[in-house]
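A short worksheet on the structure shown next.
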Amino acid sequence: MKQDKNGWEDKWPAPAKLNLMLRITGQRDDGYHLLQTVFQFVDLCDWITFSPVENGKIILNSPILGVLDKENLIVRAANILRRETGCKEGVCIGLEKNLPMGGGLGGGSSDAATTLVVLNRLWKLGLTKEKLMQLGLQLGADVPVFVFGQAAWAEGVGEKLERIEVPEKWIVIIKPDCHVDTREIFLTKDLTRDSKSIRMAGFLAGQQQNDCLDVVCKLHQPVEKAMVDLAVFSEARLTGTGACVFAQFDSKELAAKAYDALHKKWQVYLVRGLNISPLMDKLS
């Protein structure tokens, strides 16, 4: 199979995402929750490199502590591509990990999406974006939006996506020193599961609640403390099921003031909201 030299050895971005809203509107018979959410990207990224190898193996040269290679979403994404297309090519994959794990920023899902999208190009497989999104859903509910590559209004389990334009504000993110298990949150009996569905216009008009917030704060005190500290500077919100919390600012100066005040106590990131994924920018 002819390979594309353009892109091998490049650093490819796998950006973080924020959930600007999260409503749980029901639950399917298989246990999956029905959601309404809004995804926006930020310019904090993992970086992934792909090098061709002759032995036909999938090699991850930057293992993640505590995660077996065969269970890593990057390796699984590469193997799904090969299984779907019959491709026999090998690849050595390097990962520069900047996104915190267990923070609700979508790091593993974004890594998987970048792997799907970039290897589809480098291996010249010719799969459509829609097909890559379908394959991504096998890896996790957040993977399709990273393949989609644009800020999105999402429904279903998060896979039904529609482009949305939201302000690209400056954002301060706090990563509390705790790991929030998404499955644990969705199994909690106190979780709101019957929020009324709204339309996109309702979100844009200010309906931006996160139905997981109360449960997460109750189970994880560091998240609640981070919310309190961040709220001094702007409205503090939870992304996904956390643990990360964030606040938006109209200027970099205001965001930097909050960052300067918080970074001695917390793990903090100063980022910019993006409606187009850095991965899509690089591809184009």
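Following the order of the structure tokens, chains are lettered A, B, ..., residues in each are numbered from 1, and ligands are numbered from 1.
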Can you write out as CSV which residues of region 55-146 of chain A fall within 12 Å of region 170-177 of chain A, alongside each residue's closest atom pair and its distance in Å to one decimal, counting only C-alpha atoms and ordering rows by chain and ascending residue number?
```
residue,atom,partner,partner_atom,distance
A:Leu99,CA,A:Lys175,CA,10.0
A:Pro100,CA,A:Lys175,CA,7.6
A:Met101,CA,A:Lys175,CA,9.6
A:Gly102,CA,A:Lys175,CA,9.2
A:Gly103,CA,A:Lys175,CA,6.4
A:Gly104,CA,A:Lys175,CA,9.3
A:Leu105,CA,A:Lys175,CA,9.7
```
Which polymer residues have any atom within 8 Å of an atom of region 227-244 of chain A, counting only C-alpha atoms, with same-chain residues fewer than 4 positions away left out, as a ChimeraX atom specification?
/A:18-22,102-105,173-176,178-182,185,210,212-213,216,223,248-249,258,262
Put those residues in a file: N, CA and C atoms, as a CSV table (one decimal), in the first residue's frame.
```csv
chain,number,residue,atom,x,y,z
A,18,LEU,N,-14.1,20.9,26.1
A,18,LEU,CA,-14.9,21.2,27.3
A,18,LEU,C,-16.4,20.9,26.9
A,19,ASN,N,-17.1,20.5,27.9
A,19,ASN,CA,-18.6,20.4,27.8
A,19,ASN,C,-19.1,21.7,28.4
A,20,LEU,N,-19.7,22.6,27.5
A,20,LEU,CA,-20.2,23.9,28.0
A,20,LEU,C,-21.5,23.7,28.6
A,21,MET,N,-22.2,22.6,28.5
A,21,MET,CA,-23.5,22.3,29.1
A,21,MET,C,-23.6,20.7,29.1
A,22,LEU,N,-24.3,20.2,30.0
A,22,LEU,CA,-24.6,18.7,30.0
A,22,LEU,C,-25.9,18.5,30.7
A,102,GLY,N,-8.4,11.5,33.6
A,102,GLY,CA,-9.5,11.5,34.5
A,102,GLY,C,-10.0,12.9,34.8
A,103,GLY,N,-9.8,13.9,33.9
A,103,GLY,CA,-10.2,15.2,34.2
A,103,GLY,C,-11.4,15.7,33.4
A,104,GLY,N,-11.9,14.8,32.5
A,104,GLY,CA,-13.1,15.2,31.8
A,104,GLY,C,-12.8,16.1,30.5
A,105,LEU,N,-11.5,16.1,30.2
A,105,LEU,CA,-11.1,16.9,29.0
A,105,LEU,C,-11.0,16.1,27.7
A,173,ILE,N,-8.8,26.6,33.4
A,173,ILE,CA,-9.2,25.3,33.8
A,173,ILE,C,-8.4,24.9,35.1
A,174,ILE,N,-9.1,24.4,36.1
A,174,ILE,CA,-8.5,23.8,37.3
A,174,ILE,C,-8.7,22.3,37.2
A,175,LYS,N,-7.6,21.6,37.4
A,175,LYS,CA,-7.6,20.1,37.5
A,175,LYS,C,-7.5,19.7,39.0
A,176,PRO,N,-8.6,19.5,39.8
A,176,PRO,CA,-8.4,19.1,41.2
A,176,PRO,C,-7.6,17.8,41.3
A,178,CYS,N,-7.9,14.8,42.1
A,178,CYS,CA,-8.8,13.6,42.3
A,178,CYS,C,-9.1,13.1,40.9
A,179,HIS,N,-9.5,11.8,40.8
A,179,HIS,CA,-10.0,11.2,39.6
A,179,HIS,C,-11.4,10.8,39.7
A,180,VAL,N,-12.2,11.4,38.8
A,180,VAL,CA,-13.7,11.1,38.8
A,180,VAL,C,-14.0,10.0,37.8
A,181,ASP,N,-14.6,8.9,38.3
A,181,ASP,CA,-14.9,7.8,37.5
A,181,ASP,C,-16.3,8.1,36.9
A,182,THR,N,-16.3,8.2,35.5
A,182,THR,CA,-17.6,8.6,34.8
A,182,THR,C,-18.7,7.5,35.1
A,185,ILE,N,-20.3,8.0,38.4
A,185,ILE,CA,-21.3,9.1,38.5
A,185,ILE,C,-22.6,8.8,37.8
A,210,ASN,N,-25.0,21.8,34.2
A,210,ASN,CA,-24.4,20.5,34.1
A,210,ASN,C,-25.1,19.6,35.2
A,212,CYS,N,-24.5,16.8,36.2
A,212,CYS,CA,-23.6,16.0,37.0
A,212,CYS,C,-23.0,16.7,38.2
A,213,LEU,N,-23.1,18.1,38.2
A,213,LEU,CA,-22.4,18.9,39.1
A,213,LEU,C,-22.6,18.5,40.6
A,216,VAL,N,-21.1,15.1,41.6
A,216,VAL,CA,-19.6,15.1,41.6
A,216,VAL,C,-19.1,15.9,42.8
A,223,VAL,N,-13.3,18.9,44.0
A,223,VAL,CA,-14.0,19.5,42.9
A,223,VAL,C,-14.8,20.7,43.4
A,248,GLN,N,-14.9,31.0,32.0
A,248,GLN,CA,-14.6,31.8,30.8
A,248,GLN,C,-14.4,33.3,31.1
A,249,PHE,N,-13.6,33.9,30.2
A,249,PHE,CA,-13.2,35.3,30.4
A,249,PHE,C,-13.3,36.0,29.1
A,258,ALA,N,-6.7,35.6,36.9
A,258,ALA,CA,-7.3,34.5,37.7
A,258,ALA,C,-6.2,33.3,37.8
A,262,LEU,N,-4.4,31.6,41.1
A,262,LEU,CA,-4.8,30.2,41.5
A,262,LEU,C,-3.7,29.2,41.3
```
At a cut-off of 12 Å, using only C-alpha atoms, what residues contact Thr192 (chain A)? Leave out same-chain residues fewer than 4 positions from it and give the result as a list in words.
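Near neighbours after the sequence-gap exclusion: Leu22, Arg23, Ile24, Thr25, Gly26, Gln27, His33, Leu34, Leu35, Ile185, Phe186, Leu187, Thr188, Lys196, Gln209, Asn210, Asp211, Cys212, Leu213, Asp214, Val215 and Val216 of chain A.
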Calculate how many Å separate CA of Glu89 (chain A) from CA of Ala16 (chain A), rounding to one decimal.
28.6 Å
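Using only C-alpha atoms for every distance, the candidate list A:Asp281, A:Asp69, A:Asp111, A:Asp46 yields A:Asp281 as the residue closest to Gly149 (chain A).
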What's around Arg76 (chain A) at 8 Å? Count only C-alpha atoms, leave out sequence neighbours fewer than 4 positions away in its own chain, and write the answer as a VMD selection string.
chain A and resid 70 to 72 80 112 139
Output C-alpha atoms for every residue in that selection, as a tab-separated table (two decimals), in the first residue's frame.
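Output file result-v3.tsv is given in full below:
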```
chain	number	residue	atom	x	y	z
A	70	LYS	CA	-3.48	-3.45	23.98
A	71	GLU	CA	-6.05	-1.51	26.04
A	72	ASN	CA	-4.70	1.92	25.08
A	80	ILE	CA	-9.71	-0.92	14.29
A	112	ALA	CA	-7.86	7.91	19.56
A	139	LEU	CA	-13.88	3.34	21.34
```
When DSSP works through the backbone of this structure, what residues of region 30-81 of chain A end up as helix (DSSP H, G or I), shown as a ChimeraX atom specification?
/A:69-71,73-81
Residue nearest Trp47 (chain A) - candidates A:Thr85, A:Asn98, A:Asn61, A:Ser284, atoms counted: only C-alpha atoms
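Between A:Thr85, A:Asn98, A:Asn61, A:Ser284, the residue approaching Trp47 (chain A) most closely is A:Asn98.
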Backbone DSSP call of strand (DSSP E) for region 24-243 of chain A, listed as a JSON list (two decimals) with C-alpha atoms, in the first residue's frame:
```json
[["chain", "number", "residue", "atom", "x", "y", "z"],
["A", 24, "ILE", "CA", -29.30, 14.15, 31.07],
["A", 25, "THR", "CA", -32.70, 13.72, 29.46],
["A", 26, "GLY", "CA", -33.28, 9.99, 29.89],
["A", 27, "GLN", "CA", -31.79, 6.52, 29.93],
["A", 33, "HIS", "CA", -27.79, 7.86, 29.33],
["A", 34, "LEU", "CA", -29.38, 10.18, 26.79],
["A", 35, "LEU", "CA", -27.67, 13.55, 26.78],
["A", 36, "GLN", "CA", -27.72, 17.02, 25.41],
["A", 37, "THR", "CA", -24.33, 18.66, 25.52],
["A", 38, "VAL", "CA", -22.19, 21.28, 23.79],
["A", 39, "PHE", "CA", -18.57, 20.55, 22.93],
["A", 40, "GLN", "CA", -15.92, 23.18, 22.34],
["A", 41, "PHE", "CA", -12.20, 22.58, 21.84],
["A", 42, "VAL", "CA", -9.35, 24.39, 23.57],
["A", 43, "ASP", "CA", -5.74, 24.90, 22.50],
["A", 44, "LEU", "CA", -4.31, 22.52, 25.10],
["A", 45, "CYS", "CA", -3.16, 19.41, 23.23],
["A", 46, "ASP", "CA", -1.49, 16.05, 23.46],
["A", 47, "TRP", "CA", 0.91, 15.62, 20.53],
["A", 48, "ILE", "CA", 1.21, 12.40, 18.53],
["A", 49, "THR", "CA", 3.82, 11.32, 16.00],
["A", 50, "PHE", "CA", 3.56, 8.45, 13.53],
["A", 51, "SER", "CA", 6.56, 6.65, 12.03],
["A", 52, "PRO", "CA", 6.28, 3.85, 9.46],
["A", 53, "VAL", "CA", 7.72, 0.45, 10.39],
["A", 58, "ILE", "CA", 1.50, -1.40, 15.98],
["A", 59, "ILE", "CA", 4.04, -0.05, 18.46],
["A", 60, "LEU", "CA", 3.35, 2.60, 21.11],
["A", 90, "GLY", "CA", 2.78, -1.09, 10.70],
["A", 91, "VAL", "CA", 3.37, 2.09, 12.66],
["A", 92, "CYS", "CA", 5.37, 3.33, 15.63],
["A", 93, "ILE", "CA", 3.39, 5.91, 17.59],
["A", 94, "GLY", "CA", 4.86, 8.48, 19.95],
["A", 95, "LEU", "CA", 2.74, 10.37, 22.48],
["A", 96, "GLU", "CA", 3.55, 13.61, 24.30],
["A", 152, "ALA", "CA", -20.89, 20.81, 18.30],
["A", 153, "TRP", "CA", -24.35, 20.51, 19.78],
["A", 154, "ALA", "CA", -24.62, 16.81, 20.67],
["A", 155, "GLU", "CA", -27.52, 14.50, 21.49],
["A", 156, "GLY", "CA", -28.11, 10.77, 21.90],
["A", 160, "LYS", "CA", -25.46, 12.93, 17.12],
["A", 161, "LEU", "CA", -23.56, 16.08, 16.25],
["A", 162, "GLU", "CA", -24.53, 19.41, 14.76],
["A", 163, "ARG", "CA", -22.15, 22.31, 14.26],
["A", 170, "TRP", "CA", -10.23, 32.79, 27.19],
["A", 171, "ILE", "CA", -10.63, 30.01, 29.72],
["A", 172, "VAL", "CA", -9.03, 29.01, 33.02],
["A", 173, "ILE", "CA", -9.22, 25.31, 33.84],
["A", 174, "ILE", "CA", -8.49, 23.80, 37.27],
["A", 175, "LYS", "CA", -7.65, 20.09, 37.55],
["A", 237, "ARG", "CA", -18.54, 25.27, 35.73],
["A", 238, "LEU", "CA", -17.85, 21.53, 35.53]]
```
Quick one: residues within 9 Å of Glu159 (chain A), only C-alpha atoms counted, chain neighbours fewer than 3 positions away excluded, as a short mmCIF file (atom, residue, chain, number, x, y, z; two decimals) with N, CA and C atoms, in the first residue's frame?
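Output file selection.cif is given in full below:
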```
data_model
loop_
_atom_site.label_atom_id
_atom_site.label_comp_id
_atom_site.auth_asym_id
_atom_site.auth_seq_id
_atom_site.Cartn_x
_atom_site.Cartn_y
_atom_site.Cartn_z
N MET A 133 -16.07 8.46 12.25
CA MET A 133 -16.87 8.75 13.45
C MET A 133 -17.57 7.50 13.95
N GLN A 134 -18.09 6.67 13.03
CA GLN A 134 -18.72 5.41 13.42
C GLN A 134 -17.72 4.48 14.11
N LEU A 137 -16.90 5.64 17.64
CA LEU A 137 -17.92 5.37 18.66
C LEU A 137 -17.68 4.03 19.34
N ALA A 141 -17.81 7.33 23.63
CA ALA A 141 -18.84 8.25 23.17
C ALA A 141 -18.30 9.62 22.79
N ASP A 142 -17.12 9.99 23.32
CA ASP A 142 -16.54 11.30 23.01
C ASP A 142 -15.66 11.30 21.76
N VAL A 143 -15.31 10.12 21.26
CA VAL A 143 -14.38 10.07 20.12
C VAL A 143 -14.96 10.75 18.87
N PRO A 144 -16.25 10.52 18.52
CA PRO A 144 -16.76 11.11 17.28
C PRO A 144 -16.60 12.63 17.18
N VAL A 145 -16.78 13.36 18.28
CA VAL A 145 -16.70 14.82 18.18
C VAL A 145 -15.29 15.27 17.82
N ALA A 154 -24.59 18.27 20.73
CA ALA A 154 -24.62 16.81 20.67
C ALA A 154 -25.83 16.26 21.42
N GLU A 155 -26.41 15.21 20.85
CA GLU A 155 -27.52 14.50 21.49
C GLU A 155 -27.29 13.01 21.40
N GLY A 156 -28.27 12.23 21.82
CA GLY A 156 -28.11 10.77 21.90
C GLY A 156 -27.21 10.44 23.08
#
```
Pick from A:Leu219, A:Leu65, A:Ala113, A:Leu122 nearest to Cys87 (chain A), counting only C-alpha atoms
A:Leu122
When you look at Lys129 (chain A) with a cut-off of 12 Å (counting only C-alpha atoms), what residues show up, excluding the ones that are within fewer than 5 positions of it in the same chain? I need them as a PyMOL selection string.
chain A and resi 113-114+116-118+120-121+134-136+144-149+280
Keeping C-alpha atoms, export the residues of the selection given above as an mmCIF file, in the first residue's frame.
```
data_model
loop_
_atom_site.group_PDB
_atom_site.id
_atom_site.type_symbol
_atom_site.label_atom_id
_atom_site.label_comp_id
_atom_site.auth_asym_id
_atom_site.auth_seq_id
_atom_site.Cartn_x
_atom_site.Cartn_y
_atom_site.Cartn_z
ATOM 1 C CA ALA A 113 -9.552 10.321 17.138
ATOM 2 C CA THR A 114 -6.254 11.832 15.991
ATOM 3 C CA LEU A 116 -7.980 7.386 13.303
ATOM 4 C CA VAL A 117 -7.904 10.578 11.255
ATOM 5 C CA VAL A 118 -4.156 10.768 10.659
ATOM 6 C CA ASN A 120 -6.479 7.135 7.523
ATOM 7 C CA ARG A 121 -4.558 9.832 5.643
ATOM 8 C CA GLN A 134 -18.716 5.411 13.424
ATOM 9 C CA LEU A 135 -15.499 3.553 14.151
ATOM 10 C CA GLY A 136 -14.643 6.061 16.877
ATOM 11 C CA PRO A 144 -16.760 11.112 17.279
ATOM 12 C CA VAL A 145 -16.704 14.818 18.176
ATOM 13 C CA PHE A 146 -12.905 14.887 17.911
ATOM 14 C CA VAL A 147 -13.175 13.319 14.440
ATOM 15 C CA PHE A 148 -15.959 15.810 13.600
ATOM 16 C CA GLY A 149 -13.494 18.564 14.436
ATOM 17 C CA MET A 280 -8.649 20.133 11.469
#
```
So how many Å separate CA of Val166 (chain A) and CA of Gln138 (chain A), to one decimal?
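Interatomic distance, CA of Val166 (chain A) to CA of Gln138 (chain A): 28.2 Å.
CA of Leu270 (chain A) is positioned 12.2 Å from CA of Val245 (chain A).
Minimum atom-to-atom distances from A:Val271, A:Glu168, A:Leu125, A:Lys189 to Arg83 (chain A) were compared using only C-alpha atoms, and the lowest value belongs to A:Leu125.
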